[in-house]
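Q: One structure, as structure tokens, below. Some questions next.
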Amino acid sequence: MAAVIRWLTEPVPLGRLAAFRTLIYVYVILDMLAFTRWVRGHADIPGEFYRPLLVGRLLPLPTPGPELVHGVFWALLVLAAVAATGRLPRLTGAAVAILYFEWMIIAMSYGKVDHDKFGLLVALAVLPTVGRARHGDPTRSEAAGWALRATQLAVVATYFLAAWAKLRWGGLDWLTSATLTWAIIRRGTFLGEPLLHAPWLLIAAQFGIVIFELLSPLVFVLRGRWRYAAVGFFYSFHLVSFATISISFMPHQAAMTSFLPLERVRPVVWLRGWLGPRLPDWLGQRAGGRPARHPVAVAGDPAVDRPGERADRPEPQ
Amino acid sequence: MERLPRHGQWWRLLVTVVAAGLLIAGSLWGEDDHFPFGPFKMYASAVDPDAPAEDTRVEGVDGTGAVVLITPENTGIRRAEFEGQLGRFREDPALLSTVADAYASRNPTAPPLQEVRIVVRWHEVRDFEVTGNWTDEVVATWRP
């Protein structure tokens, strides 16, 4: 049991958690403004169209109307923007998690349930448990580790259980069925449509999809470069799906960044570094603000190969 | 390094196990209704390589006789939502009046719809190949 707890709470730098948190809350804003803009459309649909999901019947949540839909929309936009800055992380994070869940119920209670949200919903649910985390902070934290691990598990479960669902509904026949052909007929792109003339390739792709989904949990036994290569492969799968059958799976892709060393991506620091010499003194100081907390090398430290690597290493005992 | 206290470790373990249990149960026995713990059944059915492929659209006809394609932009309703509730519309086409209402509230200056119909275009498929032949089936029609 101790080993399981250790694995679930394997510490990660707080800077990684801070970057993931900003990325997820910025994604929520983008999602509402761009990728799932259609949810706001449910404000104008008469109540007869509403078919509440089990959770909406149990709670019981109100039938969406213009006040509810627009109210949740604006509240989420403001709260997600505050949460993205890392201020009041528990309060704003919990509010965003609850409101986004209601947003999803408004989205999916009209006859169509999407299956690309689980990782994002888990990320939103666990992020408020971490508390304060500064960008660039190399201090390793078990609370941050659990938040990222829980999100990673949700992402991988989405793949693995998708393979299970294919066996449950389609059976082994799924592998040699015309499911991808059907997908391209319905929503193929100019890149996907030529594939209709190569059904053997689509069948090969179906075998490939099930094999990759069943093997996806192996990402947890891979280390270092190999793990990043596996995650890169997952991303390439979504790139090809989007290019051929216009399915983006964006929320899942946002959650999947929980596998990446996001603390190395420091756009604000880079911008300051680039703008620094070009800024007048008073503005440079202002924009520079507090210097980033970089660790200082001392005698006895293990050697590092590249910037940021130190943050991945266990602290010397 | 920031360590978790013992109780912090245990409730995280408990939450992880309970959520995993719900998710696995949803995949084994659940349906879409059990969101967010329902099965991940996107494209999970095995499509027969000789069965026609359906392509659903919803059309409105306004007072001038013009045919308007119903889209998420002009009504707020997605194609998949019509497909998900197709059985209801087949049984009770009068429900399609709600589409005309949604269209009117989004396009107050446009001529109101005098007819709304759900049409399924069946593309013929033979041995994985689309033959190019199709037939349109009107599934439900509403007129005031």
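Labels used: A, B, ... for chains in the order of the structure tokens, numbers from 1 for residues in each chain, and numbers from 1 for ligands as shown.
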Neighbours of range 152-156 of chain A within 12 Å (only C-alpha atoms; same-chain residues fewer than 6 positions away dropped), as a PDB file with C-alpha atoms, in the first residue's frame?
A:
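Saved as part35.pdb:
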ATOM      1  CA  TRP A   7       3.501   6.291  -6.794  1.00  0.00           C
ATOM      2  CA  LEU A   8       0.237   8.230  -6.651  1.00  0.00           C
ATOM      3  CA  HIS A 115     -16.334  11.449 -24.549  1.00  0.00           C
ATOM      4  CA  ASP A 116     -13.294  13.734 -24.660  1.00  0.00           C
ATOM      5  CA  LYS A 117     -13.806  15.556 -21.348  1.00  0.00           C
ATOM      6  CA  PHE A 118     -12.880  13.083 -18.608  1.00  0.00           C
ATOM      7  CA  GLY A 119      -9.217  14.113 -18.279  1.00  0.00           C
ATOM      8  CA  LEU A 120     -10.111  17.804 -18.162  1.00  0.00           C
ATOM      9  CA  LEU A 121     -12.856  17.254 -15.576  1.00  0.00           C
ATOM     10  CA  VAL A 122     -10.443  15.317 -13.363  1.00  0.00           C
ATOM     11  CA  ALA A 123      -7.793  18.039 -13.756  1.00  0.00           C
ATOM     12  CA  LEU A 124     -10.325  20.709 -12.725  1.00  0.00           C
ATOM     13  CA  ALA A 125     -11.462  18.613  -9.755  1.00  0.00           C
ATOM     14  CA  VAL A 126      -7.956  17.958  -8.382  1.00  0.00           C
ATOM     15  CA  GLY A 145       2.324  15.129  -7.759  1.00  0.00           C
ATOM     16  CA  TRP A 146      -1.052  13.594  -6.965  1.00  0.00           C
ATOM     17  CA  ALA A 162     -12.224   3.256 -25.296  1.00  0.00           C
ATOM     18  CA  ALA A 163     -10.722  -0.028 -26.515  1.00  0.00           C
ATOM     19  CA  PHE A 212      -2.384   1.435 -29.110  1.00  0.00           C
ATOM     20  CA  GLU A 213      -5.363   1.985 -26.788  1.00  0.00           C
ATOM     21  CA  LEU A 214      -4.838  -1.361 -25.041  1.00  0.00           C
ATOM     22  CA  LEU A 215      -1.107  -0.709 -24.636  1.00  0.00           C
ATOM     23  CA  SER A 216      -1.494   2.935 -23.535  1.00  0.00           C
ATOM     24  CA  PRO A 217      -1.086   2.155 -19.771  1.00  0.00           C
ATOM     25  CA  LEU A 218       2.514   1.148 -20.557  1.00  0.00           C
ATOM     26  CA  VAL A 219       3.276   4.883 -20.684  1.00  0.00           C
ATOM     27  CA  PHE A 220       3.533   4.645 -16.889  1.00  0.00           C
ATOM     28  CA  ALA A 230       4.824   7.750 -26.134  1.00  0.00           C
ATOM     29  CA  VAL A 231       3.025  10.987 -25.265  1.00  0.00           C
ATOM     30  CA  PHE A 234      -0.653  10.048 -28.489  1.00  0.00           C
ATOM     31  CA  TYR A 235      -0.602  13.638 -29.738  1.00  0.00           C
ATOM     32  CA  PHE A 249     -10.416  15.759 -28.706  1.00  0.00           C
ATOM     33  CA  MET A 250      -9.060  19.113 -27.468  1.00  0.00           C
ATOM     34  CA  PRO A 251      -9.978  18.901 -23.752  1.00  0.00           C
ATOM     35  CA  HIS A 252      -8.270  15.512 -23.548  1.00  0.00           C
ATOM     36  CA  GLN A 253      -5.189  16.948 -25.255  1.00  0.00           C
ATOM     37  CA  ALA A 254      -5.083  19.825 -22.767  1.00  0.00           C
ATOM     38  CA  ALA A 255      -5.232  17.356 -19.851  1.00  0.00           C
ATOM     39  CA  MET A 256      -2.482  15.243 -21.449  1.00  0.00           C
ATOM     40  CA  THR A 257       0.029  18.060 -20.908  1.00  0.00           C
ATOM     41  CA  SER A 258       0.116  16.677 -17.322  1.00  0.00           C
ATOM     42  CA  PHE A 259       2.786  14.301 -18.690  1.00  0.00           C
ATOM     43  CA  LEU A 260       5.074  17.109 -19.852  1.00  0.00           C
TER      44      LEU A 260
ATOM     45  CA  THR B  16      -8.498   7.741  -6.573  1.00  0.00           C
ATOM     46  CA  VAL B  17      -9.835   4.243  -5.855  1.00  0.00           C
ATOM     47  CA  ALA B  19     -13.259   7.356  -8.929  1.00  0.00           C
ATOM     48  CA  ALA B  20     -11.488   4.465 -10.690  1.00  0.00           C
ATOM     49  CA  LEU B  23     -15.248   4.668 -14.080  1.00  0.00           C
ATOM     50  CA  ILE B  24     -14.663   0.933 -14.491  1.00  0.00           C
ATOM     51  CA  PRO B  36     -18.956  11.649 -16.483  1.00  0.00           C
ATOM     52  CA  PHE B  37     -18.387   7.990 -15.540  1.00  0.00           C
ATOM     53  CA  PHE B  40     -15.984   5.851 -23.769  1.00  0.00           C
TER      54      PHE B  40
END
Q: May I have the residues within 7 Å of Arg134 in chain A as a count of residues only, using only C-alpha atoms and disregarding those fewer than 3 positions away in the same chain?
A: 4
Q: Closest to chain A among B:Leu28, B:Ala140, B:Ala44, B:Val67, using only C-alpha atoms?
A: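 Under the stated criterion, the closest residue is B:Ala44.
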Q: From the options B:Ile77, B:Ala25, B:Ile118, B:Leu14, which residue's atoms come nearest to chain A, counting only C-alpha atoms?
A: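 Using only C-alpha atoms, chain A sits closest to B:Ile77.
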Q: From the list A:Ala19, A:Val269, A:Ile184, A:Ala97, which residue is nearest chain B when using only C-alpha atoms?
A: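 The shortest atom-to-atom distance to chain B comes from A:Ile184.
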Q: So that I can check the surroundings of Gly76 in chain B, please list as an NGL selection string every protein, DNA and RNA residue that reaches within 10 Å of it, counting only C-alpha atoms and ignoring chain neighbours fewer than 6 positions away.
A: (:A and (37-45)) or (:B and (70 or 99 or 102-103 or 106))
Q: Do you know which residues are at most 10 Å from range 89-92 of chain B counting only C-alpha atoms, after dropping those on the same chain fewer than 3 positions away, and could you put them as a list in words?
A: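 My reading of the contact set: Phe82, Glu83, Gln85, Leu86, Leu95, Leu96, Arg117, Ile118, Val138, Val139, Ala140, Thr141 and Trp142 of chain B.
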Q: Can I get the selection written as a short mmCIF file (atom, residue, chain, number, x, y, z; two decimals), in the first residue's frame, with C-alpha atoms?
A:
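part_24.cif, freshly written:
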data_model
loop_
_atom_site.label_atom_id
_atom_site.label_comp_id
_atom_site.auth_asym_id
_atom_site.auth_seq_id
_atom_site.Cartn_x
_atom_site.Cartn_y
_atom_site.Cartn_z
CA PHE B 82 -31.07 15.51 -33.49
CA GLU B 83 -29.59 12.06 -34.10
CA GLN B 85 -33.24 12.18 -30.05
CA LEU B 86 -34.35 10.82 -33.45
CA LEU B 95 -41.71 18.46 -31.16
CA LEU B 96 -39.98 19.92 -34.23
CA ARG B 117 -38.08 18.23 -41.44
CA ILE B 118 -35.37 15.75 -40.51
CA VAL B 138 -37.69 12.09 -44.51
CA VAL B 139 -37.89 10.85 -40.92
CA ALA B 140 -40.13 13.51 -39.39
CA THR B 141 -41.97 16.61 -40.66
CA TRP B 142 -43.72 19.39 -38.77
#
Q: Give one line per residue of chain A that approaches chain B to at most 7 Å, naming the two atoms of the closest pair and their distance in Å to one decimal, counting only C-alpha atoms; sort by chain then ascending residue number and deliver it as a Markdown table.
A:
| residue | atom | partner | partner_atom | distance |
| --- | --- | --- | --- | --- |
| A:Ile5 | CA | B:Leu13 | CA | 6.6 |
| A:Trp38 | CA | B:Gly76 | CA | 6.2 |
| A:Gly41 | CA | B:Gly76 | CA | 3.8 |
| A:His42 | CA | B:Gly76 | CA | 5.6 |
| A:Asp44 | CA | B:Ala102 | CA | 5.7 |
| A:Ile45 | CA | B:Ala102 | CA | 5.3 |
| A:Pro46 | CA | B:Thr98 | CA | 5.9 |
| A:Leu53 | CA | B:Asp33 | CA | 5.1 |
| A:Leu54 | CA | B:Asp33 | CA | 5.6 |
| A:Tyr110 | CA | B:Glu81 | CA | 5.8 |
| A:Gly111 | CA | B:Gly84 | CA | 4.4 |
| A:Lys112 | CA | B:Glu81 | CA | 5.1 |
| A:Val113 | CA | B:Asp32 | CA | 6.3 |
| A:His115 | CA | B:Phe40 | CA | 5.7 |
| A:Phe118 | CA | B:Pro36 | CA | 6.6 |
| A:Thr139 | CA | B:Met1 | CA | 5.6 |
| A:Arg140 | CA | B:Met1 | CA | 4.8 |
| A:Ser141 | CA | B:Glu2 | CA | 4.5 |
| A:Glu142 | CA | B:Arg3 | CA | 5.5 |
| A:Ala143 | CA | B:Leu4 | CA | 6.4 |
| A:Thr158 | CA | B:Phe40 | CA | 6.7 |
| A:Leu161 | CA | B:Phe40 | CA | 6.2 |
| A:Ala162 | CA | B:Phe40 | CA | 4.8 |
| A:Ala165 | CA | B:Lys41 | CA | 5.2 |
| A:Lys166 | CA | B:Ala44 | CA | 4.1 |
| A:Trp169 | CA | B:Ser45 | CA | 5.3 |
| A:Gly170 | CA | B:Ser45 | CA | 4.4 |
| A:Asp173 | CA | B:Ala46 | CA | 6.2 |
| A:Trp174 | CA | B:Ala46 | CA | 4.4 |
| A:Ser177 | CA | B:Ala46 | CA | 5.2 |
| A:Ala178 | CA | B:Pro49 | CA | 4.8 |
| A:Thr179 | CA | B:Val47 | CA | 4.9 |
| A:Thr181 | CA | B:Phe128 | CA | 6.7 |
| A:Trp182 | CA | B:Ala53 | CA | 6.0 |
| A:Arg186 | CA | B:Asp55 | CA | 6.0 |
| A:Leu196 | CA | B:Glu129 | CA | 6.6 |
| A:His197 | CA | B:Glu129 | CA | 6.7 |
| A:Pro199 | CA | B:Phe128 | CA | 6.1 |
Q: Take the selection from the previous step and output its residues with N, CA and C atoms, as an mmCIF file, in the first residue's frame.
A:
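Wrote part.cif, looks like this:
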data_model
loop_
_atom_site.group_PDB
_atom_site.id
_atom_site.type_symbol
_atom_site.label_atom_id
_atom_site.label_comp_id
_atom_site.auth_asym_id
_atom_site.auth_seq_id
_atom_site.Cartn_x
_atom_site.Cartn_y
_atom_site.Cartn_z
ATOM 1 N N ILE A 5 0.781 4.457 -2.622
ATOM 2 C CA ILE A 5 0.652 5.869 -2.217
ATOM 3 C C ILE A 5 1.853 6.666 -2.723
ATOM 4 N N TRP A 38 -20.832 26.212 -29.171
ATOM 5 C CA TRP A 38 -22.215 25.788 -29.381
ATOM 6 C C TRP A 38 -22.990 25.625 -28.076
ATOM 7 N N GLY A 41 -25.450 28.122 -27.319
ATOM 8 C CA GLY A 41 -26.655 28.020 -28.148
ATOM 9 C C GLY A 41 -27.800 27.355 -27.412
ATOM 10 N N HIS A 42 -27.488 26.548 -26.394
ATOM 11 C CA HIS A 42 -28.557 25.855 -25.671
ATOM 12 C C HIS A 42 -29.428 26.823 -24.865
ATOM 13 N N ASP A 44 -31.060 29.220 -26.105
ATOM 14 C CA ASP A 44 -32.233 29.579 -26.911
ATOM 15 C C ASP A 44 -33.120 28.380 -27.241
ATOM 16 N N ILE A 45 -32.717 27.197 -26.802
ATOM 17 C CA ILE A 45 -33.499 26.011 -27.167
ATOM 18 C C ILE A 45 -34.632 25.821 -26.167
ATOM 19 N N PRO A 46 -35.866 25.600 -26.669
ATOM 20 C CA PRO A 46 -36.989 25.370 -25.757
ATOM 21 C C PRO A 46 -36.722 24.173 -24.838
ATOM 22 N N LEU A 53 -29.167 14.402 -17.934
ATOM 23 C CA LEU A 53 -28.391 13.217 -17.601
ATOM 24 C C LEU A 53 -28.727 12.793 -16.177
ATOM 25 N N LEU A 54 -28.319 11.578 -15.812
ATOM 26 C CA LEU A 54 -28.603 11.046 -14.478
ATOM 27 C C LEU A 54 -28.216 12.048 -13.386
ATOM 28 N N TYR A 110 -28.743 17.224 -24.224
ATOM 29 C CA TYR A 110 -29.636 17.471 -25.367
ATOM 30 C C TYR A 110 -29.540 16.360 -26.406
ATOM 31 N N GLY A 111 -29.130 15.165 -25.966
ATOM 32 C CA GLY A 111 -29.148 14.039 -26.901
ATOM 33 C C GLY A 111 -27.785 13.584 -27.361
ATOM 34 N N LYS A 112 -26.716 14.301 -27.000
ATOM 35 C CA LYS A 112 -25.385 13.862 -27.433
ATOM 36 C C LYS A 112 -24.397 14.063 -26.290
ATOM 37 N N VAL A 113 -23.722 12.984 -25.917
ATOM 38 C CA VAL A 113 -22.695 13.044 -24.878
ATOM 39 C C VAL A 113 -21.335 12.907 -25.548
ATOM 40 N N HIS A 115 -17.146 12.350 -25.368
ATOM 41 C CA HIS A 115 -16.334 11.449 -24.549
ATOM 42 C C HIS A 115 -14.903 11.940 -24.389
ATOM 43 N N PHE A 118 -13.136 13.664 -19.922
ATOM 44 C CA PHE A 118 -12.880 13.083 -18.608
ATOM 45 C C PHE A 118 -11.574 13.601 -17.997
ATOM 46 N N THR A 139 10.722 23.671 -5.929
ATOM 47 C CA THR A 139 10.404 22.847 -4.755
ATOM 48 C C THR A 139 9.476 21.715 -5.166
ATOM 49 N N ARG A 140 9.825 20.498 -4.778
ATOM 50 C CA ARG A 140 8.986 19.370 -5.176
ATOM 51 C C ARG A 140 7.894 19.146 -4.146
ATOM 52 N N SER A 141 6.707 18.756 -4.651
ATOM 53 C CA SER A 141 5.536 18.670 -3.773
ATOM 54 C C SER A 141 4.745 17.398 -4.081
ATOM 55 N N GLU A 142 4.363 16.684 -3.015
ATOM 56 C CA GLU A 142 3.551 15.472 -3.202
ATOM 57 C C GLU A 142 2.112 15.822 -3.566
ATOM 58 N N ALA A 143 1.596 16.922 -3.010
ATOM 59 C CA ALA A 143 0.225 17.329 -3.352
ATOM 60 C C ALA A 143 0.136 17.626 -4.858
ATOM 61 N N THR A 158 -9.011 6.961 -20.481
ATOM 62 C CA THR A 158 -9.845 7.297 -21.645
ATOM 63 C C THR A 158 -9.459 6.420 -22.837
ATOM 64 N N LEU A 161 -10.098 2.391 -21.830
ATOM 65 C CA LEU A 161 -11.507 2.020 -21.752
ATOM 66 C C LEU A 161 -12.229 2.262 -23.086
ATOM 67 N N ALA A 162 -11.649 3.094 -23.953
ATOM 68 C CA ALA A 162 -12.224 3.256 -25.296
ATOM 69 C C ALA A 162 -12.056 1.946 -26.074
ATOM 70 N N ALA A 165 -14.683 -0.353 -24.771
ATOM 71 C CA ALA A 165 -16.016 -0.030 -25.312
ATOM 72 C C ALA A 165 -16.172 -0.583 -26.727
ATOM 73 N N LYS A 166 -15.102 -0.568 -27.514
ATOM 74 C CA LYS A 166 -15.182 -1.102 -28.880
ATOM 75 C C LYS A 166 -15.455 -2.598 -28.824
ATOM 76 N N TRP A 169 -19.273 -3.037 -27.560
ATOM 77 C CA TRP A 169 -20.341 -2.747 -28.533
ATOM 78 C C TRP A 169 -20.088 -3.408 -29.887
ATOM 79 N N GLY A 170 -18.879 -3.328 -30.356
ATOM 80 C CA GLY A 170 -18.607 -3.844 -31.701
ATOM 81 C C GLY A 170 -18.113 -5.283 -31.694
ATOM 82 N N ASP A 173 -15.441 -8.048 -34.236
ATOM 83 C CA ASP A 173 -15.775 -7.607 -35.595
ATOM 84 C C ASP A 173 -15.398 -6.155 -35.832
ATOM 85 N N TRP A 174 -15.281 -5.392 -34.740
ATOM 86 C CA TRP A 174 -14.963 -3.967 -34.894
ATOM 87 C C TRP A 174 -13.697 -3.779 -35.723
ATOM 88 N N SER A 177 -14.422 -3.960 -39.318
ATOM 89 C CA SER A 177 -15.680 -3.330 -39.720
ATOM 90 C C SER A 177 -15.396 -2.098 -40.588
ATOM 91 N N ALA A 178 -16.478 -1.444 -41.000
ATOM 92 C CA ALA A 178 -16.338 -0.249 -41.847
ATOM 93 C C ALA A 178 -16.529 1.021 -41.013
ATOM 94 N N THR A 179 -16.131 0.970 -39.738
ATOM 95 C CA THR A 179 -16.387 2.114 -38.855
ATOM 96 C C THR A 179 -15.639 3.369 -39.307
ATOM 97 N N THR A 181 -14.578 3.958 -42.349
ATOM 98 C CA THR A 181 -15.199 4.339 -43.625
ATOM 99 C C THR A 181 -16.422 5.214 -43.357
ATOM 100 N N TRP A 182 -17.253 4.746 -42.432
ATOM 101 C CA TRP A 182 -18.478 5.448 -42.055
ATOM 102 C C TRP A 182 -18.140 6.824 -41.477
ATOM 103 N N ARG A 186 -19.248 10.501 -43.060
ATOM 104 C CA ARG A 186 -20.013 11.487 -42.299
ATOM 105 C C ARG A 186 -19.258 12.786 -42.077
ATOM 106 N N LEU A 196 -11.032 6.656 -48.504
ATOM 107 C CA LEU A 196 -12.179 5.794 -48.780
ATOM 108 C C LEU A 196 -11.840 4.776 -49.865
ATOM 109 N N HIS A 197 -10.849 5.110 -50.706
ATOM 110 C CA HIS A 197 -10.482 4.187 -51.787
ATOM 111 C C HIS A 197 -9.446 3.172 -51.341
ATOM 112 N N PRO A 199 -9.660 0.854 -48.390
ATOM 113 C CA PRO A 199 -10.261 0.308 -47.163
ATOM 114 C C PRO A 199 -9.294 -0.559 -46.358
#
Q: Any idea what the distance is between CA of Glu48 in chain A and CA of Ala110 in chain B?
A: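 So the answer is 23.1 Å.
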